[in-house]
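Peer 1: One structure is given below, represented as structure tokens, and several questions about it will come after.
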Amino acid sequence: MTTTPAPSRARSIPLATWGMALLLPIGPAAIAVLRLILPYYTESDSAGMVDAVYADPGRQSAVLWLAYIGILTLVPGLFAAARVCRGPSPRLTTWALAFSVPGYLSLGMLVGADHLLWSASDAGLSRADAVAMVDAAHASIDVAIGVFVLGHVIGTVLLGLALLRSGRIPAWAGWAIIVSQPLHFTATVILGSPQVDFVAWSLTAVGMAVVAREVLKDR
């Protein structure tokens, strides 16, 4: 008598599900590295930003590539995470998406400003012209900054709470997601530390990697 071997669990998971799971940690990890290498991290005025980018345009180029990865992966990752917690915690999940999705979508506007800084350096514009160009930024950039900051910080906290309430991930992973973006805000606004900011976004990435494991289980 012969028996047919059962298919491996890895083979039973659809390719689309694997792709969805991989999106979860990639976006936060890309932003973690971006925040660590951003040339003008602690600068508060246009002249300081321009000087920092002109001094190291290669780092600014890497920032643009990492930001593009984030733009492509962060929002799909949110919806993948929502699959894990929407059943046990539908209201929190809905509010988490309502804040996070507009926040992450606004990232594209911020990256546009970073692209202008790199382009000014690459085109050989004078620093004075580059500063004038940055200062002439459209008012929508300021709106996008506000939506991004409030949206992704509050949204990530709510998503972490929804995941924690779902009981489908370990408590430490839920808390890693919950505290990560308030820590990012503290690192940026209060401490001015790219190293702490890297840790903050890395916590998001680690927490989302644990969520990805649950996505693979949920078929």
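Residue numbers start at 1 in each chain; chains themselves are named A, B, ... in the order of the structure tokens; ligands are numbered from 1 in the order shown.
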Between range 22-138 of chain A and range 175-180 of chain A, at 12 Å or less, what are the per-residue closest atom pairs and their distances in Å? Count only C-alpha atoms, order by chain and rising residue number, and return it as CSV.

Peer 2:
residue,atom,partner,partner_atom,distance
A:Pro25,CA,A:Ile177,CA,11.4
A:Pro28,CA,A:Ser180,CA,10.4
A:Ala32,CA,A:Ser180,CA,10.9
A:Ala81,CA,A:Ile177,CA,11.5
A:Ala96,CA,A:Ile178,CA,11.4

Peer 1: So that I can check the surroundings of range 130-142 of chain A, please list as a count of residues only every protein, DNA and RNA residue that reaches within 10 Å of it, counting only C-alpha atoms and ignoring chain neighbours fewer than 5 positions away.

Peer 2: 27

Peer 1: Using only C-alpha atoms, what table do you get, as a tab-separated table, when you list each residue of range 18-66 of chain A with an atom no more than 7 Å from range 188-194 of chain A, its nearest pair of atoms, and their distance in Å rounded to one decimal, rows by chain then rising number?

Peer 2:
residue	atom	partner	partner_atom	distance
A:Arg35	CA	A:Pro194	CA	6.0
A:Leu36	CA	A:Pro194	CA	4.9
A:Tyr41	CA	A:Pro194	CA	6.9
A:Thr42	CA	A:Gly192	CA	5.6

Peer 1: Could you take the residues named above and write them with all heavy atoms, as an mmCIF file, in the first residue's frame?

Peer 2:
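Final output, saved to part-v2.cif:
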data_model
loop_
_atom_site.group_PDB
_atom_site.id
_atom_site.type_symbol
_atom_site.label_atom_id
_atom_site.label_comp_id
_atom_site.auth_asym_id
_atom_site.auth_seq_id
_atom_site.Cartn_x
_atom_site.Cartn_y
_atom_site.Cartn_z
ATOM 1 N N ARG A 35 15.877 57.071 7.964
ATOM 2 C CA ARG A 35 15.988 58.038 9.053
ATOM 3 C C ARG A 35 17.395 58.070 9.649
ATOM 4 O O ARG A 35 17.823 59.091 10.182
ATOM 5 C CB ARG A 35 14.964 57.706 10.143
ATOM 6 C CG ARG A 35 13.522 57.741 9.692
ATOM 7 C CD ARG A 35 13.108 59.107 9.204
ATOM 8 N NE ARG A 35 13.138 60.109 10.260
ATOM 9 C CZ ARG A 35 12.905 61.406 10.073
ATOM 10 N NH1 ARG A 35 12.658 61.855 8.852
ATOM 11 N NH2 ARG A 35 12.930 62.251 11.080
ATOM 12 N N LEU A 36 18.095 56.958 9.545
ATOM 13 C CA LEU A 36 19.449 56.903 10.086
ATOM 14 C C LEU A 36 20.443 57.658 9.212
ATOM 15 O O LEU A 36 21.369 58.288 9.715
ATOM 16 C CB LEU A 36 19.893 55.443 10.238
ATOM 17 C CG LEU A 36 21.269 55.210 10.867
ATOM 18 C CD1 LEU A 36 21.300 55.702 12.314
ATOM 19 C CD2 LEU A 36 21.636 53.727 10.806
ATOM 20 N N TYR A 41 19.157 65.562 9.100
ATOM 21 C CA TYR A 41 18.250 65.120 10.159
ATOM 22 C C TYR A 41 17.953 66.190 11.206
ATOM 23 O O TYR A 41 16.812 66.442 11.555
ATOM 24 C CB TYR A 41 18.825 63.877 10.849
ATOM 25 C CG TYR A 41 17.876 63.267 11.848
ATOM 26 C CD1 TYR A 41 16.924 62.352 11.449
ATOM 27 C CD2 TYR A 41 17.903 63.639 13.180
ATOM 28 C CE1 TYR A 41 16.023 61.810 12.350
ATOM 29 C CE2 TYR A 41 17.004 63.105 14.090
ATOM 30 C CZ TYR A 41 16.077 62.203 13.674
ATOM 31 O OH TYR A 41 15.186 61.680 14.561
ATOM 32 N N THR A 42 18.998 66.828 11.733
ATOM 33 C CA THR A 42 18.791 67.768 12.839
ATOM 34 C C THR A 42 18.684 69.213 12.375
ATOM 35 O O THR A 42 18.592 70.120 13.195
ATOM 36 C CB THR A 42 19.950 67.664 13.852
ATOM 37 O OG1 THR A 42 21.184 67.936 13.180
ATOM 38 C CG2 THR A 42 20.012 66.281 14.460
#

Peer 1: Restrict the calculation to only C-alpha atoms, then for each residue of range 43-138 of chain A with any atom at most 12 Å from an atom of range 157-171 of chain A give the closest atom pair and their distance in Å to one decimal, rows by chain and rising residue number, as JSON lines.

Peer 2:
{"residue": "A:Gly77", "atom": "CA", "partner": "A:Leu159", "partner_atom": "CA", "distance": 11.7}
{"residue": "A:Leu78", "atom": "CA", "partner": "A:Leu159", "partner_atom": "CA", "distance": 8.6}
{"residue": "A:Phe79", "atom": "CA", "partner": "A:Leu159", "partner_atom": "CA", "distance": 10.6}
{"residue": "A:Ala80", "atom": "CA", "partner": "A:Leu159", "partner_atom": "CA", "distance": 11.5}
{"residue": "A:Ala81", "atom": "CA", "partner": "A:Leu163", "partner_atom": "CA", "distance": 8.2}
{"residue": "A:Ala82", "atom": "CA", "partner": "A:Leu159", "partner_atom": "CA", "distance": 7.9}
{"residue": "A:Arg83", "atom": "CA", "partner": "A:Leu163", "partner_atom": "CA", "distance": 10.0}
{"residue": "A:Val84", "atom": "CA", "partner": "A:Leu163", "partner_atom": "CA", "distance": 7.2}
{"residue": "A:Cys85", "atom": "CA", "partner": "A:Leu163", "partner_atom": "CA", "distance": 5.3}
{"residue": "A:Arg86", "atom": "CA", "partner": "A:Ala162", "partner_atom": "CA", "distance": 7.7}
{"residue": "A:Gly87", "atom": "CA", "partner": "A:Ser166", "partner_atom": "CA", "distance": 7.9}
{"residue": "A:Pro88", "atom": "CA", "partner": "A:Ser166", "partner_atom": "CA", "distance": 5.1}
{"residue": "A:Ser89", "atom": "CA", "partner": "A:Ala162", "partner_atom": "CA", "distance": 5.7}
{"residue": "A:Pro90", "atom": "CA", "partner": "A:Ala162", "partner_atom": "CA", "distance": 8.1}
{"residue": "A:Arg91", "atom": "CA", "partner": "A:Ala162", "partner_atom": "CA", "distance": 8.5}
{"residue": "A:Leu92", "atom": "CA", "partner": "A:Ala162", "partner_atom": "CA", "distance": 5.5}
{"residue": "A:Thr93", "atom": "CA", "partner": "A:Ala162", "partner_atom": "CA", "distance": 5.8}
{"residue": "A:Thr94", "atom": "CA", "partner": "A:Leu159", "partner_atom": "CA", "distance": 8.9}
{"residue": "A:Trp95", "atom": "CA", "partner": "A:Leu158", "partner_atom": "CA", "distance": 7.1}
{"residue": "A:Ala96", "atom": "CA", "partner": "A:Leu158", "partner_atom": "CA", "distance": 5.0}
{"residue": "A:Leu97", "atom": "CA", "partner": "A:Leu159", "partner_atom": "CA", "distance": 7.7}
{"residue": "A:Ala98", "atom": "CA", "partner": "A:Leu158", "partner_atom": "CA", "distance": 10.1}
{"residue": "A:Phe99", "atom": "CA", "partner": "A:Leu158", "partner_atom": "CA", "distance": 8.8}
{"residue": "A:Ser100", "atom": "CA", "partner": "A:Leu159", "partner_atom": "CA", "distance": 8.6}
{"residue": "A:Val101", "atom": "CA", "partner": "A:Leu159", "partner_atom": "CA", "distance": 11.4}
